[in-house]
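In what follows, a single structure is set out as structure tokens and then discussed.
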Amino acid sequence: MPIRSKSLHLLQRITAAANEAETPEAALQICLDEVCQFMGWPIGHVYMLSEDRDSDELVSAGLWHLDDPKAAEVFRAVTEATHFVRGSGLPGRVLQSGKPAWITDVVVDPNFPRAKLSKDLGVHAGFAFPVMTGSDVVGVLEFFAPDVVEPDQDALDLMADVGTVLGRAVERDRARKALQYRERYIQAVLDNLVDGVLTIDEDGNIEEFNPAAEAIFGYKASEIVGQSLVALMPQDHADRWAGRMPDYLRRGRERFDGQSASEVTARRKNGSLFPLELTVSEFAAGGRNLFIGVVRDLTQRKEQELQLQQAQRLEAVGQLTGGIAHDFNNGLTVLLGNLQIVEGMLESHPEALKRVRSALNAGRRAAETTRRLLTFARRQPMRQEGFNANVMILETVRLIRQTLSEAIEIDMNLAGEPMSVRSDKGQFENALINLAVNARDAMPEGGHITIATRRLSMKEGEMAELPAGNYVGISLKDTGCGMPEAVRDKVFEPFFTTKDVDKGTGLGLSMVFGYARQSGGDIRIESREGEGTTVEILLPFDATAEETEAVWAKETSLPGGTETILVVEDDADVRSFASSVLSQLGYTVLEAANGTAALEILETGKNIDLVFSDIVMPGGIMGQTLGDRVHIGYPGVRVLLTTGYAQELAEGGRDVTSATDLLIKPYGRKTLAQAVRTALDANSGGVA
């Protein structure tokens with residue numbers, strides 16, 4: 001065959017191999033074999049540019065043509081272990097120039113590192129040509145012959161063309177891999193997006209549906225792909241859009257370009273409707289206009305917004321309640337205090353005494369109502385006092401019965417021994433009422449509520465939040481519908497509720513939970529669907545609590561003294577009542593209408609033992625500030641504060657949970673006498 005025809009035949013075979021081979025490596029191997037056969041040379045080898053981006057050297061691709069593999073074992077091993085940089089050895093020359101290179105005898109060539117191995121192997125002539133992608137060398141093919149052979153320019157020109165053909169195969173493979181990488185990258189992004197992504201054709205049919213969209217709508221992609229977009233719309237929207245959808249989408253560029261996200265109502269697979277944020281964009285592919293819809297479920301955001309609105313409304317109610325209670329408690333203090341004084345004057349007037357006591361009872365109920373409002377609004381501090389939980393339960397059940405229907409019965413299973421705890425009586429009562437209301441709502445057709453108490457000993461680690469010790473368990477069990485595990489695990493979270501928006505705030509059980517924790521205890525719940533619910537509050541058992549109650553119960557007279565007390569109160573009626581009671585108890589009483597006047601009296605050097613001060617007063621010096629100044633300037637003087645609105649102290653950063661330095665309004669003669677005597681008898685200096 002003429003040399004020209006032979007060359008064309010070689011180029012055709014290599015071109016076909018480059019086009020048909022599954023990988024560039026397969027095309028390179030065919031090329032090695034074809035060139036060796038064409039040239040009659042026994043050895044061929046391939047180098048490729050290192051994939052290390054920071055490297056610029058050729059490394060063995062592991063592709064060989066060897067007529068005698070066993071004889072070339074050492075040569076092959078050294079070659080595969082050697083890397084060639086630009087200009088180094090035969091491959092390096094080709095890498096540097098970008099052109100074929102020929103060595104007549106590699107054995108004597110000064111820039112051929114494998115010269116000795118070549119001599120041992122019995123090869124002399126060598127040539128190499130580059131694999132080119134554009135102007136870049138991406139690989140080098142080298143060949144060796146057993147004889148000394150002078151350069152053949154025609155062969156080198158032919159091999160340059162072969163290298164270009166092979167370069168196209170490498171380039172196509174790189175493009176294919178880049179496309180695969182991008183497709184995998186895009187798919188990974190779509191699979192891991194928190195937003196749903198839908199692709200829609202011009203007829204309104206869904207072509208793509210990512211996992212987030214599956215989670216949002218409840219459809220598997222296999223179920224919804226190919227279906228019309230109206231399947232995800234509310235029925236009234238779907239009916240309206242079904243006929244107009246194709247035309248609407250065909251005008252997509254006009255409709256959607258520059259549009260921001262809009263809020264729409266969507267439909268899940270189960271038929272439920274929910275708010276959705278939708279952004280639509282258009283793109284062209286394969287001669288078609290397609291649309292990408294990015295959707296975000298707004299259900300949680302809407303719930304959070306509603307919770308915030310509820311919290312803001314509750315905060316507003318709390319602030320209003322606190323403001324009213326502040327003034328109301330001042331009035332109640334005067335009313336109840338003076339009624340108590342009058343009560344002592346009417347022993348010989350039974351009819352008048354009866355009316356006064358009736359008024360006292362009404363005033364006490366009003367004070368209790370105010371206290372409950374403050375507790376609900378979280379404006380009331382924990383008033384730690386000892387009491388028997390059994391006794392408080394019996395008293396509270398009277399209130400609970402008023403909130404229940406006649407179809408609900410209450411059973412009591414209280415322990416025979418005293419269940420003594422130290423906690424806030426008001427919040428204890430409120431917690432029981434909250435639990436009873438929840439039980440009532442779980443039994444719309446009626447049922448039984450069982451309230452029980454027990455003593456139990458808790459081991460370390462038995463409940464994560466509780467230290468080892470003795471506890472009183474107060475449980476309320478209903479025969480209602482119960483709840484699934486998913487609901488049970490969330491019932492103590494603030495604002496979580498299964499009730500309709502207008503029938504519950506979701507704060508009831510969270511307030512009970514907070515009360516138990518603040519009291520040094522905890523709460524636990526057991527519930528199964530169809531089997532009712534049991535909630536148990538655990539409070540630390542306090543053996544001294546019952547003794548404290550007994551001591552106060554035995555007192556027949558009010559404690560008094562001979563010390564000097566400075567009464568600081570801006571309300572003249574309250575000031576007059578407090579001063580009158582303290583004077584009757586034997587104390588020397590001085591009066592001040594505000595903090596400034598109180599400091600002026602102290603500066604006169606009078607021997608004052610206790611400053612009894614309201615917290616909120618005009619003149620710029622509040623009760624807490626007055627107490628701090630007394631503590632610093634007059635370390636021997638005790639301080640007792642009073643308020644009808646405990647938030648005043650909390651906002652000032654002061655701990656108001658201690659009952660020893662705070663007397664809550666309204667107070668009567670007995671509570672005032674006890675608080676003053678306790679403050680005076682305290683051992684530490686400064687504020688009581």
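Each chain in the structure tokens gets a letter, A, B, ..., in the order shown, and its residues are numbered from 1; ligands are numbered from 1 in order too.
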- Item | 8 Å contact set for stretch 231-237 of chain A, only C-alpha atoms, chain neighbours under 5 positions out, as a list in words |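 Selected residues are Phe217, Thr265, Ala266, Arg267, Arg268, Lys269 and Leu273 of chain A.
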- Residue set, stretch 105-340 of chain A restricted to alpha helix (DSSP H), as a PyMOL selection string: chain A and resi 115-121+153-192+211-217+221-224+235-241+245-250+252-256+299-340
- Minimum-distance residue to A:Met419, chosen among A:Leu298, A:Leu432, A:Val676, A:Ile393 (using only C-alpha atoms):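 So, comparing all the options, the nearest one is A:Ile393.
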- Item | Distance of atom CA of A:Arg422 from atom CA of A:Ile449, expressed in Å to one decimal place |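 Distance reported for this atom pair: 25.4 Å.
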- Message: Can you pull out the residues contacting stretch 346-360 of chain A? Cut-off 12 Å, using only C-alpha atoms, and skip same-chain residues under 3 positions away; I want them as number ranges by chain.
- Response: A: 332-343, 363-367, 668
- Message: Could you list, as a list in words, every residue within 8 Å of stretch 170-179 of chain A, counting only C-alpha atoms and ignoring same-chain residues fewer than 5 positions away?
- Response: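 Here the answer would be Thr23, Pro24 and Thr133 of chain A.
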Saved selection, atoms kept: N, CA and C atoms, as a PDB file, in the first residue's frame:
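Written out: selection.pdb:
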ATOM      1  N   THR A  23     -14.190   5.342  26.385  1.00  0.00           N
ATOM      2  CA  THR A  23     -13.373   6.218  27.221  1.00  0.00           C
ATOM      3  C   THR A  23     -12.153   6.669  26.436  1.00  0.00           C
ATOM      4  N   PRO A  24     -11.523   7.788  26.801  1.00  0.00           N
ATOM      5  CA  PRO A  24     -10.277   8.210  26.159  1.00  0.00           C
ATOM      6  C   PRO A  24      -9.184   7.155  26.307  1.00  0.00           C
ATOM      7  N   THR A 133      -5.500  19.479  23.255  1.00  0.00           N
ATOM      8  CA  THR A 133      -6.860  20.033  23.328  1.00  0.00           C
ATOM      9  C   THR A 133      -6.699  21.537  23.163  1.00  0.00           C
TER      10      THR A 133
END
- Shell around stretch 282-291 of chain A at 6 Å using only C-alpha atoms, local window under 2 positions removed, as a VMD selection string: chain A and resid 199 to 201
Write the residues of the preceding selection, restricted to C-alpha atoms, as a short mmCIF file (atom, residue, chain, number, x, y, z; two decimals), in the first residue's frame.
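Okay, selection_26.cif is ready:
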data_model
loop_
_atom_site.label_atom_id
_atom_site.label_comp_id
_atom_site.auth_asym_id
_atom_site.auth_seq_id
_atom_site.Cartn_x
_atom_site.Cartn_y
_atom_site.Cartn_z
CA THR A 199 -40.61 22.40 36.88
CA ILE A 200 -43.78 23.04 34.85
CA ASP A 201 -44.26 22.84 31.08
#
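For the choices A:Leu166, A:Gly40, A:Ser576, A:Glu150, the atom-to-atom distance to A:Ala26 is smallest for A:Leu166 when using only C-alpha atoms.
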- Task: Just give me the gap between atom CA of A:Asn413 and atom CA of A:Pro444 in Å, one decimal is fine.
- Result: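 Atom CA of A:Asn413 sits 23.5 Å away from atom CA of A:Pro444.
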Please give the complete set of residues from stretch 124-185 of chain A that DSSP, run on the backbone, assigns to strand (DSSP E or B), formatted as a PDB file with N, CA and C atoms, in the first residue's frame.
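Written output follows (part29.pdb):
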ATOM      1  N   GLY A 126      13.699   6.717  19.259  1.00  0.00           N
ATOM      2  CA  GLY A 126      12.469   7.016  19.982  1.00  0.00           C
ATOM      3  C   GLY A 126      11.821   8.280  19.431  1.00  0.00           C
ATOM      4  N   PHE A 127      10.536   8.295  19.427  1.00  0.00           N
ATOM      5  CA  PHE A 127       9.840   9.536  19.079  1.00  0.00           C
ATOM      6  C   PHE A 127       8.573   9.635  19.923  1.00  0.00           C
ATOM      7  N   ALA A 128       8.042  10.861  20.048  1.00  0.00           N
ATOM      8  CA  ALA A 128       6.841  11.101  20.849  1.00  0.00           C
ATOM      9  C   ALA A 128       6.046  12.239  20.226  1.00  0.00           C
ATOM     10  N   PHE A 129       4.733  12.233  20.453  1.00  0.00           N
ATOM     11  CA  PHE A 129       3.902  13.332  19.964  1.00  0.00           C
ATOM     12  C   PHE A 129       2.849  13.670  21.018  1.00  0.00           C
ATOM     13  N   PRO A 130       2.396  14.924  20.998  1.00  0.00           N
ATOM     14  CA  PRO A 130       1.467  15.363  22.044  1.00  0.00           C
ATOM     15  C   PRO A 130       0.013  15.053  21.708  1.00  0.00           C
ATOM     16  N   VAL A 131      -0.788  14.879  22.765  1.00  0.00           N
ATOM     17  CA  VAL A 131      -2.248  14.860  22.643  1.00  0.00           C
ATOM     18  C   VAL A 131      -2.709  16.274  22.982  1.00  0.00           C
ATOM     19  N   MET A 132      -3.354  16.942  22.008  1.00  0.00           N
ATOM     20  CA  MET A 132      -3.655  18.364  22.144  1.00  0.00           C
ATOM     21  C   MET A 132      -5.154  18.610  22.301  1.00  0.00           C
ATOM     22  N   THR A 133      -5.500  19.479  23.255  1.00  0.00           N
ATOM     23  CA  THR A 133      -6.860  20.033  23.328  1.00  0.00           C
ATOM     24  C   THR A 133      -6.699  21.537  23.163  1.00  0.00           C
ATOM     25  N   ASP A 136      -3.293  23.307  24.304  1.00  0.00           N
ATOM     26  CA  ASP A 136      -2.756  22.713  25.523  1.00  0.00           C
ATOM     27  C   ASP A 136      -2.384  21.252  25.313  1.00  0.00           C
ATOM     28  N   VAL A 137      -1.224  20.867  25.878  1.00  0.00           N
ATOM     29  CA  VAL A 137      -0.798  19.467  25.875  1.00  0.00           C
ATOM     30  C   VAL A 137      -1.428  18.785  27.077  1.00  0.00           C
ATOM     31  N   VAL A 138      -2.187  17.720  26.851  1.00  0.00           N
ATOM     32  CA  VAL A 138      -2.807  16.993  27.951  1.00  0.00           C
ATOM     33  C   VAL A 138      -2.221  15.603  28.106  1.00  0.00           C
ATOM     34  N   GLY A 139      -1.415  15.173  27.106  1.00  0.00           N
ATOM     35  CA  GLY A 139      -0.801  13.858  27.176  1.00  0.00           C
ATOM     36  C   GLY A 139       0.286  13.719  26.127  1.00  0.00           C
ATOM     37  N   VAL A 140       1.109  12.682  26.278  1.00  0.00           N
ATOM     38  CA  VAL A 140       2.200  12.418  25.330  1.00  0.00           C
ATOM     39  C   VAL A 140       2.270  10.918  25.080  1.00  0.00           C
ATOM     40  N   LEU A 141       2.370  10.531  23.810  1.00  0.00           N
ATOM     41  CA  LEU A 141       2.586   9.134  23.435  1.00  0.00           C
ATOM     42  C   LEU A 141       4.022   8.999  22.952  1.00  0.00           C
ATOM     43  N   GLU A 142       4.751   8.011  23.521  1.00  0.00           N
ATOM     44  CA  GLU A 142       6.140   7.793  23.116  1.00  0.00           C
ATOM     45  C   GLU A 142       6.301   6.374  22.581  1.00  0.00           C
ATOM     46  N   PHE A 143       7.247   6.221  21.633  1.00  0.00           N
ATOM     47  CA  PHE A 143       7.474   4.932  20.965  1.00  0.00           C
ATOM     48  C   PHE A 143       8.974   4.695  20.833  1.00  0.00           C
ATOM     49  N   PHE A 144       9.379   3.397  20.851  1.00  0.00           N
ATOM     50  CA  PHE A 144      10.801   3.044  20.765  1.00  0.00           C
ATOM     51  C   PHE A 144      11.007   1.903  19.774  1.00  0.00           C
TER      52      PHE A 144
END
- In Å to one decimal, how far is atom CA of A:Arg184 from atom CA of A:Glu207?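 For atom CA of A:Glu207 relative to atom CA of A:Arg184, the distance reads 18.0 Å.
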- Can you work out which one of A:Val194, A:Ala160, A:Ala442, A:Leu640 has the shortest atom-to-atom distance to A:Ser527, counting only C-alpha atoms?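 Of the candidates, the smallest distance to A:Ser527 is held by A:Ala442.
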- Task: Could you give me, as a PyMOL selection string, the residues within 12 Å of A:Lys119, counting only C-alpha atoms and dropping anything in the same chain fewer than 5 positions from it?
- Result: chain A and resi 72+75+105-109+112-114+124-125+144-148
